[in-house]
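Novice: Below is a structure I'd like to ask you about.
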Amino acid sequence: MPIIITTKNSFFLISTFVAFLFLIDRVSKIWIIKRSQEVVSSEIFSSRFINLELIWNKGIAFGLFSLNDGLAYQLISLLIILIIFILIYFILKSNGFEKFGFILILGGAVGNLFDRIFYKAVPDFIDLHINNFHWFIFNIADIFITIGVICLILVEFFFKKKV
C-alpha cells in the first residue's frame with residue numbers, strides 16, 4: 001500500500017522533524033552547559049583539531065553584531081522571528097531537496113532563538129582549528145543552518161531550470 005502524503009500529515013512530518021532538530025540542539029547545549037559548570041576552565045575538551053569550549057554569543061552567526069545594547073539585541077531577535085515566519089512560508093511553497101534545506105534552517109533558527117529568549121545569548125561551543133587558526137565557535141543549530149544553506153545552493157546550481 002503506497003504512503004499518501006497529504007497536507008495534514010506533511011505538516012505533522014515537517015513539525016516532527018523540526019522538533020527533532022530542536023531536541024538534538026537542546027540536548028547538546030544542555031550537556032555542554034552542565035559540563036562547563038563541572039570543570040574549572042571554560043575548555044571542556046581539547047584535541048588536535050577540535051575543542052569544546054563554552055562561549056555565550058549575543059550576536060548572530062559567528063558572533064557578528066555582538067552588541068551590549070539591549071535594544072539592538074531585541075531588534076535582532078525580532079528580525080530572527082520574522083525570518084522564521086518567512087522560512088515557514090518557503091517550506092509550505094517548496095518541494096523536495098529545497099524543502100529539506102528550509103526545514104534544516106528552520107530547525108537551527110528555532111534552536112538559537114530559544115536560547116536568545118531564555119538565556120539572552122546563544123551557547124556556542126564547537127571550536128575547529130588547525131594549529132593556531134581557529135574557525136568561529138559554533139553550535140549544533142549552526143550546523144543545521146549551514147547544511148540547509150548548502151542544500152539551497154545545490155538546488156540553485158543543479159536542480160533549477162536554467163532560463
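Lettering and numbering for the C-alpha cells are positional, with chains as A, B, ... in the shown order, residues counted from 1 in each chain, and ligands counted from 1 in the shown order.
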Set the distance at 8 Å and use only C-alpha atoms: which residues neighbour range 109-112 of chain A once local chain neighbours fewer than 2 positions away are removed? I'd like the list as an MDAnalysis selection string.

Specialist: chainID A and resid 22 25:26 80 84 105:107 114:116 122 141 145

Novice: Could you find all residues in range 105-152 of chain A that DSSP calls alpha helix (DSSP H) from the backbone, and write them as number ranges by chain?

Specialist: A: 105-118, 140-152

Novice: Looking only at the backbone, which of the residues in range 50-144 of chain A does DSSP tag as strand (DSSP E), as an MDAnalysis selection string?

Specialist: chainID A and resid 50:57 122:130 133:134

Novice: Using only C-alpha atoms, which residues sit within 10 Å of Gly148 in chain A once same-chain residues fewer than 3 positions away are excluded, as a list in words?

Specialist: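 In the requested format, the answer is Phe97, Glu98, Lys99, Phe100, Gly101, Phe102, Ile103, Leu104, Ile105, Leu106, Gly107, Gly108, Asp142, Ile143, Phe144, Ile145, Cys151, Leu152, Ile153 and Leu154 of chain A.
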
Novice: Please dump the current selection as a JSON list (two decimals), in the first residue's frame; keep N, CA, C and O atoms.

Specialist:
```json
[["chain", "number", "residue", "atom", "x", "y", "z"],
["A", 97, "PHE", "N", 14.27, 18.55, -2.18],
["A", 97, "PHE", "CA", 15.54, 18.91, -1.54],
["A", 97, "PHE", "C", 15.52, 20.36, -1.04],
["A", 97, "PHE", "O", 16.09, 20.68, -0.01],
["A", 98, "GLU", "N", 14.84, 21.22, -1.78],
["A", 98, "GLU", "CA", 14.72, 22.62, -1.38],
["A", 98, "GLU", "C", 13.94, 22.72, -0.06],
["A", 98, "GLU", "O", 14.34, 23.45, 0.85],
["A", 99, "LYS", "N", 12.86, 21.97, 0.06],
["A", 99, "LYS", "CA", 12.07, 21.96, 1.29],
["A", 99, "LYS", "C", 12.92, 21.46, 2.45],
["A", 99, "LYS", "O", 12.90, 22.02, 3.55],
["A", 100, "PHE", "N", 13.72, 20.42, 2.19],
["A", 100, "PHE", "CA", 14.60, 19.86, 3.21],
["A", 100, "PHE", "C", 15.59, 20.93, 3.71],
["A", 100, "PHE", "O", 15.82, 21.06, 4.91],
["A", 101, "GLY", "N", 16.15, 21.71, 2.78],
["A", 101, "GLY", "CA", 17.07, 22.79, 3.16],
["A", 101, "GLY", "C", 16.41, 23.81, 4.06],
["A", 101, "GLY", "O", 16.97, 24.22, 5.08],
["A", 102, "PHE", "N", 15.20, 24.23, 3.69],
["A", 102, "PHE", "CA", 14.48, 25.21, 4.51],
["A", 102, "PHE", "C", 14.13, 24.64, 5.88],
["A", 102, "PHE", "O", 14.17, 25.35, 6.89],
["A", 103, "ILE", "N", 13.79, 23.35, 5.94],
["A", 103, "ILE", "CA", 13.47, 22.71, 7.22],
["A", 103, "ILE", "C", 14.70, 22.69, 8.13],
["A", 103, "ILE", "O", 14.59, 22.97, 9.33],
["A", 104, "LEU", "N", 15.87, 22.37, 7.58],
["A", 104, "LEU", "CA", 17.09, 22.38, 8.38],
["A", 104, "LEU", "C", 17.39, 23.78, 8.92],
["A", 104, "LEU", "O", 17.74, 23.94, 10.10],
["A", 105, "ILE", "N", 17.23, 24.78, 8.07],
["A", 105, "ILE", "CA", 17.46, 26.16, 8.51],
["A", 105, "ILE", "C", 16.47, 26.53, 9.61],
["A", 105, "ILE", "O", 16.85, 27.14, 10.62],
["A", 106, "LEU", "N", 15.20, 26.16, 9.44],
["A", 106, "LEU", "CA", 14.19, 26.45, 10.45],
["A", 106, "LEU", "C", 14.52, 25.78, 11.78],
["A", 106, "LEU", "O", 14.43, 26.42, 12.83],
["A", 107, "GLY", "N", 14.89, 24.51, 11.74],
["A", 107, "GLY", "CA", 15.24, 23.79, 12.97],
["A", 107, "GLY", "C", 16.37, 24.47, 13.73],
["A", 107, "GLY", "O", 16.30, 24.65, 14.95],
["A", 108, "GLY", "N", 17.41, 24.88, 13.01],
["A", 108, "GLY", "CA", 18.52, 25.57, 13.65],
["A", 108, "GLY", "C", 18.13, 26.94, 14.16],
["A", 108, "GLY", "O", 18.52, 27.35, 15.26],
["A", 142, "ASP", "N", 23.79, 25.80, 14.42],
["A", 142, "ASP", "CA", 24.52, 26.45, 13.33],
["A", 142, "ASP", "C", 24.89, 25.44, 12.23],
["A", 142, "ASP", "O", 24.91, 25.78, 11.05],
["A", 143, "ILE", "N", 25.17, 24.21, 12.65],
["A", 143, "ILE", "CA", 25.47, 23.15, 11.67],
["A", 143, "ILE", "C", 24.23, 22.89, 10.81],
["A", 143, "ILE", "O", 24.32, 22.79, 9.58],
["A", 144, "PHE", "N", 23.06, 22.79, 11.45],
["A", 144, "PHE", "CA", 21.81, 22.57, 10.70],
["A", 144, "PHE", "C", 21.57, 23.71, 9.72],
["A", 144, "PHE", "O", 21.21, 23.48, 8.57],
["A", 145, "ILE", "N", 21.76, 24.94, 10.17],
["A", 145, "ILE", "CA", 21.56, 26.11, 9.31],
["A", 145, "ILE", "C", 22.52, 26.06, 8.13],
["A", 145, "ILE", "O", 22.12, 26.28, 6.98],
["A", 151, "CYS", "N", 22.27, 23.01, 1.01],
["A", 151, "CYS", "CA", 21.21, 22.34, 0.23],
["A", 151, "CYS", "C", 20.57, 23.32, -0.75],
["A", 151, "CYS", "O", 20.35, 22.98, -1.92],
["A", 152, "LEU", "N", 20.25, 24.52, -0.28],
["A", 152, "LEU", "CA", 19.61, 25.51, -1.14],
["A", 152, "LEU", "C", 20.55, 25.95, -2.27],
["A", 152, "LEU", "O", 20.10, 26.15, -3.41],
["A", 153, "ILE", "N", 21.82, 26.08, -1.97],
["A", 153, "ILE", "CA", 22.80, 26.43, -3.02],
["A", 153, "ILE", "C", 22.87, 25.31, -4.06],
["A", 153, "ILE", "O", 22.88, 25.58, -5.27],
["A", 154, "LEU", "N", 22.90, 24.06, -3.61],
["A", 154, "LEU", "CA", 22.94, 22.93, -4.54],
["A", 154, "LEU", "C", 21.70, 22.88, -5.41],
["A", 154, "LEU", "O", 21.79, 22.59, -6.62]]
```

Novice: Looking at only C-alpha atoms, which of A:Lys161, A:Lys34, A:Lys93, A:His129 is the one that sits closest to Asn51 in chain A?

Specialist: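 For Asn51 in chain A, the nearest of the given residues is A:His129.
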
Novice: CA of Ile117 in chain A and CA of Val40 in chain A, how far apart in Å?

Specialist: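 Separation of CA of Val40 in chain A and CA of Ile117 in chain A: 27.1 Å.
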
Novice: When you look at Ile126 in chain A with a cut-off of 12 Å (counting only C-alpha atoms), what residues show up, excluding the ones that are within fewer than 4 positions of it in the same chain? I need them as a list in words.

Specialist: Ser28, Lys29, Ile32, Glu43, Ile44, Phe45, Ser46, Ser47, Phe49, Ile50, Asn51, Leu52, Glu53, Leu54, Ile55, Trp56, Phe62, His134, Trp135, Phe136, Ile137, Phe138, Asn139, Ile140, Ala141, Asp142 and Ile143 of chain A
